[in-house]
Amino acid sequence: MVMRPFSSTAPVNATINQIRKTGLYKINRKRAKAKETESPDLDRNPQKHGVVLKVVVLKPRKPNSANRKACRVRLSNGKVVTAYIPGEGHNAQEHSVVAVRGGRTKDLPGVKYKCIRGSQDLAGVHNRRNGRSKYGSKFIPNPRSAAIANHFL
């Protein structure tokens with residue numbers, strides 16, 4: 001029976017992978033890359049404002065079919081981006097000032113930004129009842145429920 005010394009040096013016939021796993025020998029490891037941002041033109045800001053250069057209608061990629069409203073915006077940092085205008089109907093036109101946030105539109109290639117409804121010159125969605133905070137809509141009380149509430153006062 002051969003006695004093996006209990007030392008921290010690597011055995012002579014160890015493979016490089018064995019040495020690397022045991023940590024007895026330091027090998028230059030690649031450092032993990034930081035996650036690249038999905039909205040690089042915002043320069044690490046949550047939102048930026050900009051001026052609408054052109055309002056465009058885009059076709060989504062397959063299998064979807066629609067006319068998606070978007071606009072080319074020159075941001076306050078000078079970069080020009082394409083931003084999606086969410087919701088039904090909009091009042092955006094050339095020279096309107098809009099706020100832009102990150103967030104891609106999956107079926108529109110190259111569109112990585114969204115306009116914020118109800119901010120700057122872009123009005124909120126008219127007559128929207130659900131998800132109003134995302135579309136900048138004010139609360140519209142139901143006339144029937146308002147009459148019932150007033151009856152019990």
# chains A, B, ... in the order shown; residues from 1 in each chain; ligands from 1

$ select_by_dssp --residues "chain A" --states "alpha helix (DSSP H)" --output "MDAnalysis selection string"
chainID A and resid 16:22 132:135 143:151

$ select_by_dssp --residues "range 4-136 of chain A" --states "strand (DSSP E)" --output "count of residues only"
34

$ closest_residue --among "A:Ala14, A:Leu75, A:Val125, A:Ile116" --to "Lys48 in chain A" --atoms "only C-alpha atoms"
A:Leu75

$ closest_residue --among "A:Cys71, A:Val80, A:Val111, A:Ile85" --to "Asp41 in chain A" --atoms "only C-alpha atoms"
A:Val80

$ residues_around --residues "Val100 in chain A" --least-positions-apart "5" --cutoff "7 Å" --atoms "only C-alpha atoms" --output "PyMOL selection string"
chain A and resi 47-49+113-116

$ write_last_selection --atoms "C-alpha atoms" --output "PDB file, in the first residue's frame"
ATOM      1  CA  GLN A  47     -37.499  57.756 -19.768  1.00  0.00           C
ATOM      2  CA  LYS A  48     -36.443  60.473 -22.148  1.00  0.00           C
ATOM      3  CA  HIS A  49     -38.434  63.075 -24.038  1.00  0.00           C
ATOM      4  CA  TYR A 113     -39.222  51.878 -27.322  1.00  0.00           C
ATOM      5  CA  LYS A 114     -42.764  52.972 -26.447  1.00  0.00           C
ATOM      6  CA  CYS A 115     -44.324  56.418 -26.171  1.00  0.00           C
ATOM      7  CA  ILE A 116     -45.898  57.234 -22.805  1.00  0.00           C
TER       8      ILE A 116
END

$ atom_distance --atom1 "CA of Ala66 in chain A" --atom2 "CA of Arg104 in chain A"
16.9 Å

$ atom_distance --atom1 "CA of Ala70 in chain A" --atom2 "CA of Gly87 in chain A"
11.0 Å

$ closest_residue --among "A:Leu108, A:Val52, A:Val81, A:Val57" --to "His95 in chain A" --atoms "only C-alpha atoms"
A:Val52

$ residues_around --residues "His126 in chain A" --least-positions-apart "5" --cutoff "10 Å" --atoms "only C-alpha atoms" --output "list in words"
Gly87, Glu88, Gly89, His90, Arg132, Tyr135, Gly136, Ser137, Lys138 and Ile140 of chain A

$ write_last_selection --atoms "C-alpha atoms" --output "compact mmCIF listing (two decimals), in the first residue's frame"
# COMPACT_ATOMS: atom_id res chain seq x y z
CA GLY A 87 -53.60 52.15 -27.48
CA GLU A 88 -56.37 52.98 -29.92
CA GLY A 89 -56.08 56.32 -31.71
CA HIS A 90 -53.53 59.05 -31.00
CA ARG A 132 -56.03 53.05 -17.48
CA TYR A 135 -52.67 54.50 -21.20
CA GLY A 136 -52.97 57.82 -19.33
CA SER A 137 -56.78 57.72 -19.12
CA LYS A 138 -58.88 59.46 -16.48
CA ILE A 140 -65.00 57.81 -16.30

$ residues_around --residues "Gly110 in chain A" --least-positions-apart "4" --cutoff "12 Å" --atoms "only C-alpha atoms" --output "ChimeraX atom specification"
/A:38-39,58-61,70,72,81-84,103-106,114

$ atom_distance --atom1 "CA of Leu53 in chain A" --atom2 "CA of Val73 in chain A"
5.5 Å

$ residues_around --residues "Gly50 in chain A" --least-positions-apart "3" --cutoff "7 Å" --atoms "only C-alpha atoms" --output "list in words"
Val73, Arg74, Leu75, Ser76, Val97, Val98 and Ala99 of chain A

$ closest_residue --among "A:Arg144, A:Lys69, A:Lys54, A:Arg31" --to "Ser96 in chain A" --atoms "only C-alpha atoms"
A:Lys54
